[in-house]
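Undergrad: One structure, pasted below without further comment.
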Amino acid sequence: MKKIFLLILAFQIFSSCSKSEDVVTPIPQTVYAILGTKILNSGKPIQLIGANAFHSFGASSTGNDDIKSWNMDIAREFIGNVKENPIDGSPIQDLNGSWLHSLQKIVDGNRLNNRITILCPFGWDGTSATLFTGTMPAKTTWFTDYKIKLQSWANQFKNQPDVWLEVWNEPYRFDRADGYTDAIWMNDMNAMVANIRNTGNTNIIVVPCAEQGQDESVLINKGTSFLVNKTNILYDIHAYEKWLLTSNTNITSRLDNLQTNNLPLIFGEIAPMNAGELMNPQFLLNELYNRGKSVCAWVWKYNENDTDALLTKTGLPNDTNNNNWGTMYKNIVIKPRNP
């Protein structure tokens, strides 16, 4: 389990419940769609460069404008307390004492800056015991209740095409010691995708791969068949040690294989640290950029003492003992998009 999850609960104490007038932004008329390996915006292929963000703890009525400074296209939002996080309205204080801003306010803030929002469930009730990572969705005690919540998200955002729903964060153990099979992945993902589509929501749905997000073999084995009779599905891969502690030749081969299988994907997380080992994401980032693939960094956070944080406390790129991670990623973000 990534060390960052151990820090999330501590991070929550910095959240604020300050209230200001809501700023409602018009819902864009552009239509996002998936065609083959491409993400389309009104029929034209696009590449998206963004970051994972914690706006549930501090959504801003002025547009989550801190992340605007790097010209991000997309924010993959950490939702750590799916059970209590409000969908709309004012912030609430959850049972853990954290203030949570509504999903709609998070979306409105991102939209003010023409940024797509991916709402991603990371935890059921805001405690470390119910983090989604490494779990088998259908075997969790909260799965039935979770699907009800997910369906309420789908209803809220079904006419807001710049809001994409990820069905689960990092399912199944990294070592498959839980008895994982690709058939289990198929059943779980089908159930959650159908749960969203049954509301009439046609927005892009983000579907994770296996081994806590890092194993794309299930996409090679089942990804094409999973897409049958489905539209607007985007697969999510997370790039940590199983990608970054391998050879450049291996990385290139794996990306080629995904491309050959015509699989639409985003790298929803990439960072220089996982499981206590420092890594260098530079080669993979360059490959993804040059191939027109979309990617989100872990994580938009101001703390030079956190290896994965993109910024220092003063807002500069964080290059502290992390292979110059902040500058590396900013240099990717400021390049012209390459669809």
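Starting from 1 in every chain, residues are counted up; chains themselves are A, B, ... following the order of the structure tokens, and ligands are numbered from 1 as listed.
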Enumerate, as a ChimeraX atom specification, the complete set of residues in region 90-282 of chain A that a backbone-based DSSP assignment places in strand (DSSP E or B).
TA: /A:92-93,99-100,116-121,123,131,163-166,205-208,210,215,233-239,265-270,273-274,277-278
Undergrad: Could those residues be written to a file, using N, CA and C atoms, as a CSV table (one decimal), in the first residue's frame?
TA:
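Saved as out.csv:
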chain,number,residue,atom,x,y,z
A,92,ILE,N,-19.9,19.5,4.9
A,92,ILE,CA,-20.3,18.9,6.1
A,92,ILE,C,-19.1,18.4,6.9
A,93,GLN,N,-19.2,18.2,8.2
A,93,GLN,CA,-18.2,17.6,9.0
A,93,GLN,C,-18.5,16.1,9.2
A,99,TRP,N,-13.8,18.2,7.4
A,99,TRP,CA,-14.8,18.9,6.6
A,99,TRP,C,-14.7,18.5,5.1
A,100,LEU,N,-15.9,18.1,4.6
A,100,LEU,CA,-15.9,17.6,3.2
A,100,LEU,C,-16.8,18.5,2.3
A,116,ILE,N,-11.5,19.0,-16.8
A,116,ILE,CA,-12.3,17.8,-16.6
A,116,ILE,C,-12.1,17.3,-15.2
A,117,THR,N,-13.2,16.7,-14.6
A,117,THR,CA,-13.1,16.1,-13.3
A,117,THR,C,-13.3,14.6,-13.4
A,118,ILE,N,-12.4,13.8,-12.8
A,118,ILE,CA,-12.6,12.4,-12.6
A,118,ILE,C,-12.9,12.3,-11.1
A,119,LEU,N,-14.1,11.8,-10.8
A,119,LEU,CA,-14.4,11.5,-9.4
A,119,LEU,C,-14.0,10.1,-9.1
A,120,CYS,N,-13.1,9.9,-8.2
A,120,CYS,CA,-12.6,8.5,-7.9
A,120,CYS,C,-12.8,8.2,-6.4
A,121,PRO,N,-13.5,7.1,-6.2
A,121,PRO,CA,-13.7,6.6,-4.8
A,121,PRO,C,-12.4,5.9,-4.3
A,123,GLY,N,-12.0,5.5,-0.6
A,123,GLY,CA,-12.4,4.9,0.6
A,123,GLY,C,-13.8,5.0,0.9
A,131,LEU,N,-10.2,1.7,3.0
A,131,LEU,CA,-9.6,2.1,1.8
A,131,LEU,C,-9.9,1.1,0.7
A,163,VAL,N,-17.6,15.5,-16.4
A,163,VAL,CA,-17.5,14.7,-15.2
A,163,VAL,C,-17.4,13.2,-15.5
A,164,TRP,N,-16.3,12.6,-15.2
A,164,TRP,CA,-16.1,11.2,-15.5
A,164,TRP,C,-16.1,10.5,-14.2
A,165,LEU,N,-16.7,9.3,-14.1
A,165,LEU,CA,-16.7,8.5,-12.9
A,165,LEU,C,-15.8,7.3,-13.0
A,166,GLU,N,-14.9,7.2,-12.0
A,166,GLU,CA,-14.1,6.0,-11.9
A,166,GLU,C,-14.7,5.0,-10.9
A,205,ILE,N,-16.7,6.5,-18.4
A,205,ILE,CA,-16.5,5.8,-17.2
A,205,ILE,C,-15.0,5.3,-17.2
A,206,VAL,N,-14.3,5.5,-16.1
A,206,VAL,CA,-12.9,5.0,-15.9
A,206,VAL,C,-12.9,3.7,-15.2
A,207,VAL,N,-12.3,2.7,-15.8
A,207,VAL,CA,-12.2,1.4,-15.3
A,207,VAL,C,-10.8,1.0,-14.9
A,208,PRO,N,-10.5,0.6,-13.7
A,208,PRO,CA,-9.1,0.3,-13.3
A,208,PRO,C,-8.7,-1.1,-13.8
A,210,ALA,N,-5.8,-4.5,-12.8
A,210,ALA,CA,-5.7,-5.3,-11.6
A,210,ALA,C,-4.4,-5.0,-10.9
A,215,ASP,N,-1.3,-3.7,-13.0
A,215,ASP,CA,-1.2,-4.9,-13.9
A,215,ASP,C,-2.1,-4.7,-15.1
A,233,ILE,N,-15.7,3.9,-22.4
A,233,ILE,CA,-15.0,3.2,-21.3
A,233,ILE,C,-13.5,3.6,-21.5
A,234,LEU,N,-12.9,4.1,-20.4
A,234,LEU,CA,-11.5,4.4,-20.5
A,234,LEU,C,-10.8,3.6,-19.4
A,235,TYR,N,-9.8,2.9,-19.8
A,235,TYR,CA,-9.0,2.1,-18.8
A,235,TYR,C,-8.0,2.9,-18.1
A,236,ASP,N,-7.8,2.6,-16.8
A,236,ASP,CA,-6.8,3.3,-15.9
A,236,ASP,C,-5.7,2.4,-15.5
A,237,ILE,N,-4.5,2.8,-15.7
A,237,ILE,CA,-3.3,2.1,-15.3
A,237,ILE,C,-2.5,3.0,-14.3
A,238,HIS,N,-1.9,2.4,-13.3
A,238,HIS,CA,-1.1,3.2,-12.3
A,238,HIS,C,0.3,2.7,-12.5
A,239,ALA,N,1.2,3.7,-12.6
A,239,ALA,CA,2.6,3.4,-12.9
A,239,ALA,C,3.5,3.7,-11.7
A,265,LEU,N,-6.8,4.2,-22.9
A,265,LEU,CA,-6.3,4.2,-21.5
A,265,LEU,C,-5.8,5.6,-21.1
A,266,ILE,N,-5.8,5.8,-19.8
A,266,ILE,CA,-5.1,6.9,-19.1
A,266,ILE,C,-4.3,6.3,-18.0
A,267,PHE,N,-3.1,6.9,-17.8
A,267,PHE,CA,-2.3,6.6,-16.7
A,267,PHE,C,-2.8,7.5,-15.5
A,268,GLY,N,-3.6,7.0,-14.7
A,268,GLY,CA,-4.3,7.8,-13.7
A,268,GLY,C,-3.4,8.2,-12.5
A,269,GLU,N,-2.3,7.4,-12.3
A,269,GLU,CA,-1.4,7.8,-11.2
A,269,GLU,C,0.0,7.5,-11.7
A,270,ILE,N,1.0,8.4,-11.4
A,270,ILE,CA,2.4,8.1,-11.6
A,270,ILE,C,3.1,9.0,-10.7
A,273,MET,N,7.7,7.6,-6.0
A,273,MET,CA,7.9,6.8,-4.8
A,273,MET,C,6.7,5.9,-4.6
A,274,ASN,N,7.0,4.6,-4.3
A,274,ASN,CA,6.0,3.7,-3.9
A,274,ASN,C,6.7,2.5,-3.1
A,277,GLU,N,10.5,2.9,-2.2
A,277,GLU,CA,11.6,2.8,-3.2
A,277,GLU,C,11.5,4.0,-4.2
A,278,LEU,N,12.6,4.7,-4.3
A,278,LEU,CA,12.7,5.8,-5.2
A,278,LEU,C,12.8,5.3,-6.7
Undergrad: Apply DSSP to the structure's backbone, then extract all residues of region 152-314 of chain A labelled alpha helix (DSSP H) and return them as a PyMOL selection string.
TA: chain A and resi 152-157+182-197+217-226+241-244+248-260+282-290
Undergrad: Have a look at CA of Asn280 (chain A) and CA of Leu244 (chain A) and let me know their distance in Å, one decimal.
TA: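 Atom-to-atom, CA of Asn280 (chain A) to CA of Leu244 (chain A), that is 6.6 Å.
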Undergrad: Pick the closest to Phe226 (chain A) from A:Glu77, A:Asp125, A:Asp182, A:Asp88: which is it, counting only C-alpha atoms?
TA: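 So, comparing all the options, the nearest one is A:Asp182.
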Undergrad: Using only C-alpha atoms, which of A:Pro91, A:Gly97, A:Gly109, A:Gly126 sits nearest Phe78 (chain A)?
TA: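 The shortest atom-to-atom distance to Phe78 (chain A) comes from A:Gly126.
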Undergrad: For Asn290 (chain A), please output as an MDAnalysis selection string all residues within 12 Å (counting only C-alpha atoms; exclusion window: fewer than 6 positions along the same chain).
TA: chainID A and resid 47 252 255 283:284 332 335:339
Undergrad: Would you output that residue set with C-alpha atoms, as a PDB file, in the first residue's frame?
TA:
ATOM      1  CA  GLN A  47      -4.406  14.538 -24.844  1.00  0.00           C
ATOM      2  CA  THR A 252       8.019   0.358 -24.741  1.00  0.00           C
ATOM      3  CA  LEU A 255       2.784   0.260 -24.397  1.00  0.00           C
ATOM      4  CA  PHE A 283      11.217   7.682 -19.604  1.00  0.00           C
ATOM      5  CA  LEU A 284       7.604   6.569 -19.191  1.00  0.00           C
ATOM      6  CA  ILE A 332       5.460  17.795 -19.406  1.00  0.00           C
ATOM      7  CA  LYS A 335       4.316  21.296 -23.540  1.00  0.00           C
ATOM      8  CA  PRO A 336       1.749  21.548 -26.361  1.00  0.00           C
ATOM      9  CA  ARG A 337      -0.669  18.638 -26.243  1.00  0.00           C
ATOM     10  CA  ASN A 338       0.126  15.834 -28.673  1.00  0.00           C
ATOM     11  CA  PRO A 339      -2.980  13.822 -29.586  1.00  0.00           C
TER      12      PRO A 339
END
Undergrad: Name all residues at most 8 Å from Trp70 (chain A) (count only C-alpha atoms; drop same-chain ones fewer than 3 positions away) and give them as a list of chain:residue names.
TA: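 Non-adjacent residues within range: A:Ile67, A:Lys330, A:Val333, A:Ile334.
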Undergrad: Could the residues in this selection be written to a file with C-alpha atoms, as a PDB file, in the first residue's frame?
TA:
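Now in part.pdb:
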ATOM      1  CA  ILE A  67      -4.002  23.967  -9.820  1.00  0.00           C
ATOM      2  CA  LYS A 330       5.769  20.627 -14.919  1.00  0.00           C
ATOM      3  CA  VAL A 333       2.432  19.898 -18.486  1.00  0.00           C
ATOM      4  CA  ILE A 334       3.636  23.046 -20.234  1.00  0.00           C
TER       5      ILE A 334
END
Undergrad: Which neighbours of Glu211 (chain A) fall inside 10 Å, counting only C-alpha atoms, when residues of the same chain fewer than 4 positions from it are skipped, and could you give them as a count of residues only?
TA: 18
Undergrad: One number please: CA of Lys230 (chain A) to CA of Trp243 (chain A), in Å, one decimal.
TA: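 Rounded to one decimal, the two atoms are 28.3 Å apart.
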Undergrad: Residues within 10 Å of Gly200 (chain A), please, as JSON, numbers by chain. Count only C-alpha atoms; anything in the same chain fewer than 6 positions from it doesn't count.
TA: {"A": [154, 155, 158, 159]}
Undergrad: Which residue gives the smallest distance to Asn198 (chain A) among A:Leu150, A:Lys222, A:Val228, A:Asp162, with only C-alpha atoms counted?
TA: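 Ranked by minimum distance to Asn198 (chain A), first place goes to A:Leu150.
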